[in-house]
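Visitor: Next comes start34.txt, compact mmCIF, C-alpha atoms:
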# COMPACT_ATOMS: atom_id res chain seq x y z
CA MET E 1 45.93 -47.62 16.91
CA LYS E 2 46.26 -44.57 19.14
CA ARG E 3 45.40 -42.32 16.21
CA LEU E 4 42.48 -44.56 15.33
CA GLY E 5 41.23 -44.48 18.90
CA TRP E 6 41.43 -40.69 19.03
CA GLY E 7 39.56 -40.42 15.77
CA ILE E 8 36.76 -42.67 16.99
CA GLY E 9 36.50 -40.72 20.24
CA ALA E 10 36.29 -37.40 18.41
CA ALA E 11 33.63 -38.77 16.14
CA VAL E 12 31.57 -39.94 19.13
CA ILE E 13 31.83 -36.47 20.67
CA ILE E 14 30.75 -34.79 17.43
CA VAL E 15 27.79 -37.13 16.97
CA ALA E 16 26.69 -36.56 20.57
CA ALA E 17 26.94 -32.80 20.17
CA ALA E 18 24.96 -32.91 16.94
CA ALA E 19 22.28 -35.02 18.59
CA ALA E 20 22.01 -32.57 21.47
CA PHE E 21 21.83 -29.63 19.04
CA GLY E 22 19.22 -31.40 16.99
CA GLN E 23 17.16 -32.14 20.08
CA GLY E 24 17.31 -28.47 21.09
CA MET E 25 16.33 -27.35 17.61
CA GLY E 26 13.51 -29.86 17.58
CA GLN E 27 12.18 -28.64 20.90
CA GLY E 28 12.39 -25.04 19.71
CA MET E 29 10.59 -25.85 16.49
CA MET E 30 7.95 -27.86 18.35
CA GLY E 31 7.45 -24.94 20.69
CA ARG E 32 6.92 -22.54 17.81
CA MET E 33 4.66 -24.98 16.04
CA GLY E 34 2.69 -25.33 19.24
CA GLN E 35 2.23 -21.58 19.44
CA MET E 36 1.09 -21.47 15.83
CA GLY E 37 -1.18 -24.40 16.50
CA GLN E 38 -2.80 -22.56 19.39
CA GLY E 39 -3.37 -19.58 17.09
CA MET E 40 -4.76 -21.84 14.42
CA GLY E 41 -6.94 -23.55 16.98
CA GLY E 42 -8.57 -20.28 17.84
CA MET E 43 -8.95 -19.41 14.19
CA MET E 44 -10.32 -22.79 13.22
CA GLY E 45 -12.93 -22.30 15.89
CA GLY E 46 -14.37 -19.47 13.83
CA GLY E 47 -12.63 -16.40 15.25
CA PRO E 48 -9.72 -14.29 14.02
CA MET E 49 -6.14 -14.97 15.07
CA HIS E 50 -5.60 -12.49 17.90
CA GLY E 51 -1.99 -11.70 18.67
CA GLY E 52 -0.78 -14.04 15.90
CA LEU E 53 1.72 -13.52 13.14
CA PHE E 54 -0.80 -12.31 10.55
CA THR E 55 -3.51 -9.67 10.45
CA PRO E 56 -6.28 -9.61 7.83
CA LEU E 57 -6.00 -6.88 5.23
CA PRO E 58 -8.90 -4.42 5.59
CA ALA E 59 -11.25 -3.47 2.78
CA MET E 60 -10.37 0.20 3.35
CA VAL E 61 -8.14 2.32 5.56
CA PRO E 62 -10.31 4.91 7.34
CA SER E 63 -9.07 8.30 8.47
CA ALA E 64 -10.56 10.48 11.21
CA GLU E 65 -9.17 13.58 9.48
CA ASN E 66 -10.39 12.57 6.01
CA PRO E 67 -13.82 10.86 6.15
CA LEU E 68 -14.33 8.39 3.31
CA THR E 69 -17.65 9.52 1.90
CA ASP E 70 -18.86 8.24 -1.47
CA GLU E 71 -18.68 11.76 -2.89
CA ARG E 72 -15.09 12.23 -1.76
CA ILE E 73 -13.97 8.84 -3.08
CA GLN E 74 -15.61 9.45 -6.46
CA LEU E 75 -14.00 12.87 -6.73
CA GLY E 76 -10.65 11.31 -5.87
CA ARG E 77 -11.12 8.74 -8.60
CA MET E 78 -11.76 11.48 -11.17
CA LEU E 79 -8.67 13.38 -10.08
CA PHE E 80 -6.50 10.25 -10.06
CA PHE E 81 -7.07 9.74 -13.79
CA ASP E 82 -7.08 13.41 -14.83
CA THR E 83 -4.08 14.56 -16.88
CA ARG E 84 -5.16 18.19 -16.44
CA LEU E 85 -3.41 18.12 -13.07
CA SER E 86 -0.10 18.19 -14.97
CA ARG E 87 1.51 21.19 -16.67
CA ASN E 88 1.32 19.77 -20.20
CA ARG E 89 -1.86 17.79 -19.54
CA ASP E 90 -0.22 14.50 -20.40
CA VAL E 91 0.51 12.90 -16.99
CA SER E 92 -1.92 11.70 -14.34
CA CYS E 93 -1.52 9.76 -11.10
CA ASN E 94 -2.50 6.68 -13.07
CA SER E 95 0.37 7.21 -15.51
CA CYS E 96 2.87 5.98 -12.93
CA HIS E 97 0.46 3.99 -10.74
CA ASP E 98 -1.51 2.21 -13.43
CA LEU E 99 -4.49 0.51 -11.80
CA SER E 100 -4.76 -1.90 -14.74
CA ASN E 101 -1.15 -3.00 -14.16
CA PHE E 102 -1.02 -3.78 -10.43
CA GLY E 103 -0.75 -0.10 -9.54
CA VAL E 104 2.64 0.44 -11.20
CA ASP E 105 4.03 1.44 -14.61
CA GLY E 106 6.38 -1.53 -14.91
CA SER E 107 9.40 0.65 -15.61
CA PRO E 108 12.70 0.94 -13.72
CA VAL E 109 11.98 4.66 -13.34
CA SER E 110 8.86 6.60 -14.27
CA THR E 111 8.44 9.09 -17.10
CA GLY E 112 7.01 12.47 -16.24
CA ASP E 113 6.71 15.98 -17.68
CA GLU E 114 8.18 16.34 -21.20
CA GLY E 115 9.56 12.81 -21.06
CA GLN E 116 11.77 13.46 -18.05
CA GLN E 117 12.93 10.38 -16.18
CA GLY E 118 12.55 10.10 -12.45
CA ARG E 119 15.24 8.65 -10.20
CA ARG E 120 13.17 5.98 -8.51
CA ASN E 121 10.76 3.22 -9.37
CA ALA E 122 7.08 4.03 -8.78
CA PRO E 123 5.72 1.80 -5.98
CA THR E 124 2.28 0.30 -6.23
CA VAL E 125 -0.64 2.36 -5.03
CA PHE E 126 -2.58 -0.74 -3.99
CA ASN E 127 -2.62 -1.18 -0.19
CA SER E 128 -0.28 1.81 0.16
CA ALA E 129 -2.65 3.67 2.49
CA ALA E 130 -2.00 1.00 5.13
CA GLN E 131 1.73 1.69 5.18
CA ALA E 132 3.39 3.54 8.05
CA ALA E 133 4.88 6.13 5.66
CA GLN E 134 4.82 7.09 1.99
CA PHE E 135 7.50 7.42 -0.71
CA TRP E 136 10.56 5.17 -0.72
CA ASP E 137 12.29 7.40 1.82
CA GLY E 138 9.22 7.70 4.06
CA ARG E 139 9.12 11.49 3.89
CA ALA E 140 5.31 11.70 3.83
CA PRO E 141 3.34 10.42 6.83
CA ASP E 142 0.20 9.49 4.91
CA VAL E 143 -1.42 9.38 1.47
CA GLU E 144 -2.96 12.82 1.99
CA GLU E 145 0.50 14.37 2.15
CA GLN E 146 1.88 12.08 -0.54
CA ALA E 147 -0.77 13.12 -3.07
CA LYS E 148 0.55 16.67 -3.11
CA GLY E 149 4.14 15.81 -4.01
CA PRO E 150 3.97 14.49 -7.60
CA VAL E 151 1.65 17.28 -8.77
CA LEU E 152 4.23 19.95 -7.95
CA ASN E 153 7.36 17.90 -8.68
CA PRO E 154 9.11 19.48 -11.72
CA VAL E 155 10.06 16.06 -13.08
CA GLU E 156 6.66 14.45 -12.60
CA MET E 157 3.48 16.49 -13.18
CA ALA E 158 5.33 19.83 -12.97
CA MET E 159 2.54 22.18 -11.92
CA PRO E 160 4.24 25.44 -10.85
CA ALA E 161 2.27 26.10 -7.67
CA PRO E 162 -0.79 25.02 -5.65
CA GLU E 163 -2.59 28.17 -6.82
CA LYS E 164 -2.21 27.10 -10.45
CA VAL E 165 -3.76 23.72 -9.64
CA GLU E 166 -6.68 25.49 -7.98
CA GLU E 167 -7.09 27.78 -10.97
CA VAL E 168 -7.33 24.79 -13.31
CA LEU E 169 -9.83 22.93 -11.13
CA ARG E 170 -12.03 25.99 -10.54
CA GLY E 171 -12.23 26.52 -14.28
CA ILE E 172 -13.94 23.13 -14.76
CA PRO E 173 -17.67 23.35 -13.85
CA GLY E 174 -17.95 19.64 -13.16
CA TYR E 175 -15.23 19.82 -10.57
CA ARG E 176 -16.82 22.76 -8.77
CA THR E 177 -19.96 20.64 -8.34
CA ALA E 178 -18.02 17.55 -7.28
CA PHE E 179 -15.89 19.45 -4.74
CA ARG E 180 -18.98 21.02 -3.17
CA ALA E 181 -20.52 17.57 -2.74
CA ALA E 182 -17.31 16.08 -1.34
CA PHE E 183 -16.58 18.97 1.04
CA PRO E 184 -19.99 20.34 2.06
CA GLY E 185 -20.19 23.48 4.15
CA GLU E 186 -16.85 24.91 3.02
CA ALA E 187 -16.93 28.43 1.61
CA GLU E 188 -14.36 27.49 -1.06
CA PRO E 189 -14.08 23.72 -1.37
CA VAL E 190 -11.88 23.72 -4.48
CA THR E 191 -8.46 23.91 -2.84
CA PHE E 192 -5.13 22.18 -3.32
CA ASP E 193 -5.41 20.52 0.09
CA ASN E 194 -8.89 19.21 -0.70
CA MET E 195 -7.62 17.87 -4.02
CA ALA E 196 -5.05 15.84 -2.08
CA LYS E 197 -7.66 14.68 0.43
CA ALA E 198 -9.94 13.46 -2.35
CA ILE E 199 -7.16 11.54 -4.11
CA ALA E 200 -6.15 10.06 -0.78
CA ALA E 201 -9.73 9.02 -0.04
CA PHE E 202 -9.76 7.09 -3.31
CA GLU E 203 -6.40 5.50 -2.51
CA ARG E 204 -7.66 4.48 0.92
CA VAL E 205 -10.12 2.10 -0.71
CA LEU E 206 -7.57 0.63 -3.16
CA MET E 207 -7.10 -2.43 -0.97
CA THR E 208 -6.80 -6.02 -2.13
CA PRO E 209 -8.11 -8.40 0.57
CA SER E 210 -8.18 -11.99 -0.66
CA ARG E 211 -9.40 -15.42 0.43
CA TRP E 212 -6.31 -15.61 2.64
CA ASP E 213 -7.65 -12.63 4.57
CA ARG E 214 -11.06 -14.32 4.82
CA PHE E 215 -9.26 -17.32 6.28
CA LEU E 216 -7.53 -15.12 8.86
CA LYS E 217 -10.94 -13.78 9.85
CA GLY E 218 -12.17 -17.32 10.55
CA ASP E 219 -13.52 -18.63 7.25
CA THR E 220 -11.88 -22.06 7.25
CA THR E 221 -13.26 -22.83 3.78
CA ALA E 222 -11.45 -19.89 2.18
CA ILE E 223 -8.26 -21.91 1.57
CA SER E 224 -7.81 -25.57 0.72
CA ALA E 225 -6.80 -28.34 3.10
CA SER E 226 -3.36 -28.58 1.51
CA GLU E 227 -2.90 -24.81 1.86
CA ARG E 228 -3.77 -25.05 5.55
CA VAL E 229 -1.16 -27.77 5.95
CA GLY E 230 1.38 -25.58 4.15
CA PHE E 231 0.57 -22.70 6.49
CA MET E 232 1.13 -24.90 9.51
Using structure tokens, write down the structure that the file contains.
Guide:
Amino acid sequence: MKRLGWGIGAAVIIVAAAAAFGQGMGQGMMGRMGQMGQGMGGMMGGGPMHGGLFTPLPAMVPSAENPLTDERIQLGRMLFFDTRLSRNRDVSCNSCHDLSNFGVDGSPVSTGDEGQQGRRNAPTVFNSAAQAAQFWDGRAPDVEEQAKGPVLNPVEMAMPAPEKVEEVLRGIPGYRTAFRAAFPGEAEPVTFDNMAKAIAAFERVLMTPSRWDRFLKGDTTAISASERVGFM
């Protein structure tokens, strides 16, 4: 009987502790739900969620140092698909960041110059301009700097030097016209740095805002009632 009494007492203590823990968890969850509800309340009223957990994805990522003009974006698009930026003219930016395949090549590692295999998977180019850093190791601060790397990488596009890239581009009349339009007022607009700026300008508009982002901006009809309940 003594053992039975001790067992019952221990069970009572455990149940009481669990109830207290559950009450604390419930209060914590209710508090968080209340905070989310306040955010949702502001959003449901037609405005964006300020200071909330989510921020709408922008349609583009502007840059004070690299203005996103139509001419610059169009030039960047041409360069992004051009295999002439590679030594053997068989690899482009789109080879590893295929825009028809979610911005990737779908391979464990990418294939570059003369069939060489890289050491890392190619990340998607979509929305990448909004990231804090570029490349898997974060060694490039922005897409302008990132765009230079693969062109000169001996495993990727394998161009021997920036000057060789400039030589190729200056030998194409269409590019001379496009660079002048994209970089007006420059004595020599066809430069390696401007090539990178143009590609980056194109990548800065490769954003994928969706109806979820419209919802975050205040469009309460952008997602269904059941989806709103799931969000809450």
Visitor: One decimal, Å: what's the distance from CA of Pro123 (chain E) over to CA of Ser86 (chain E), could you say?
Guide: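 Answer for the CA of Pro123 (chain E) to CA of Ser86 (chain E) separation: 19.6 Å.
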Visitor: I need every residue sitting at most 12 Å from the point (-5.9, 14.5, -13.7) (coordinates as in the file, all atoms listed in the file considered), written as a PDB file with C-alpha atoms, in the frame of the given file.
Guide:
ATOM      1  CA  LEU E  75     -14.000  12.870  -6.730  1.00  0.00           C
ATOM      2  CA  GLY E  76     -10.650  11.310  -5.870  1.00  0.00           C
ATOM      3  CA  ARG E  77     -11.120   8.740  -8.600  1.00  0.00           C
ATOM      4  CA  MET E  78     -11.760  11.480 -11.170  1.00  0.00           C
ATOM      5  CA  LEU E  79      -8.670  13.380 -10.080  1.00  0.00           C
ATOM      6  CA  PHE E  80      -6.500  10.250 -10.060  1.00  0.00           C
ATOM      7  CA  PHE E  81      -7.070   9.740 -13.790  1.00  0.00           C
ATOM      8  CA  ASP E  82      -7.080  13.410 -14.830  1.00  0.00           C
ATOM      9  CA  THR E  83      -4.080  14.560 -16.880  1.00  0.00           C
ATOM     10  CA  ARG E  84      -5.160  18.190 -16.440  1.00  0.00           C
ATOM     11  CA  LEU E  85      -3.410  18.120 -13.070  1.00  0.00           C
ATOM     12  CA  SER E  86      -0.100  18.190 -14.970  1.00  0.00           C
ATOM     13  CA  ARG E  87       1.510  21.190 -16.670  1.00  0.00           C
ATOM     14  CA  ASN E  88       1.320  19.770 -20.200  1.00  0.00           C
ATOM     15  CA  ARG E  89      -1.860  17.790 -19.540  1.00  0.00           C
ATOM     16  CA  ASP E  90      -0.220  14.500 -20.400  1.00  0.00           C
ATOM     17  CA  VAL E  91       0.510  12.900 -16.990  1.00  0.00           C
ATOM     18  CA  SER E  92      -1.920  11.700 -14.340  1.00  0.00           C
ATOM     19  CA  CYS E  93      -1.520   9.760 -11.100  1.00  0.00           C
ATOM     20  CA  ASN E  94      -2.500   6.680 -13.070  1.00  0.00           C
ATOM     21  CA  SER E  95       0.370   7.210 -15.510  1.00  0.00           C
ATOM     22  CA  ALA E 147      -0.770  13.120  -3.070  1.00  0.00           C
ATOM     23  CA  PRO E 150       3.970  14.490  -7.600  1.00  0.00           C
ATOM     24  CA  VAL E 151       1.650  17.280  -8.770  1.00  0.00           C
ATOM     25  CA  MET E 157       3.480  16.490 -13.180  1.00  0.00           C
ATOM     26  CA  MET E 159       2.540  22.180 -11.920  1.00  0.00           C
ATOM     27  CA  VAL E 165      -3.760  23.720  -9.640  1.00  0.00           C
ATOM     28  CA  VAL E 168      -7.330  24.790 -13.310  1.00  0.00           C
ATOM     29  CA  LEU E 169      -9.830  22.930 -11.130  1.00  0.00           C
ATOM     30  CA  ILE E 172     -13.940  23.130 -14.760  1.00  0.00           C
ATOM     31  CA  TYR E 175     -15.230  19.820 -10.570  1.00  0.00           C
ATOM     32  CA  MET E 195      -7.620  17.870  -4.020  1.00  0.00           C
ATOM     33  CA  ALA E 196      -5.050  15.840  -2.080  1.00  0.00           C
ATOM     34  CA  ILE E 199      -7.160  11.540  -4.110  1.00  0.00           C
TER      35      ILE E 199
END
Visitor: Quick one: distance from CA of Leu152 (chain E) to CA of Arg72 (chain E) in Å, one decimal?
Guide: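 Answer for the CA of Leu152 (chain E) to CA of Arg72 (chain E) separation: 21.7 Å.
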Visitor: Show me, as a ChimeraX atom specification, the residues that have an atom within 10 Å of Ala178 (chain E) when counting all atoms listed in the file, minus same-chain residues fewer than 2 positions from it.
Guide: /E:71-72,74-76,78,173-176,180-184,189-190
Visitor: Would you mind reading off the distance between CA of Phe126 (chain E) and CA of Gly103 (chain E), one decimal, in Å?
Guide: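 It comes out at 5.9 Å.
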Visitor: Quick one: of E:Leu216, E:Glu156, E:Pro108, E:Gly185, who's nearest to Leu53 (chain E), counting only C-alpha atoms?
Guide: E:Leu216
Visitor: Excluding Ser128 (chain E) and its own-chain neighbours fewer than 5 positions away, which residues fall within 8 Å of it when counting all atoms listed in the file? Please give them as a list of chain:residue names.
Guide: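 What passes the distance filter is E:Gln134, E:Val143, E:Glu203, E:Arg204.
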Visitor: Can those selected residues be exported to a file as a tab-separated table (two decimals), keeping the file's coordinate frame so that it contains C-alpha atoms?
Guide:
chain	number	residue	atom	x	y	z
E	134	GLN	CA	4.82	7.09	1.99
E	143	VAL	CA	-1.42	9.38	1.47
E	203	GLU	CA	-6.40	5.50	-2.51
E	204	ARG	CA	-7.66	4.48	0.92
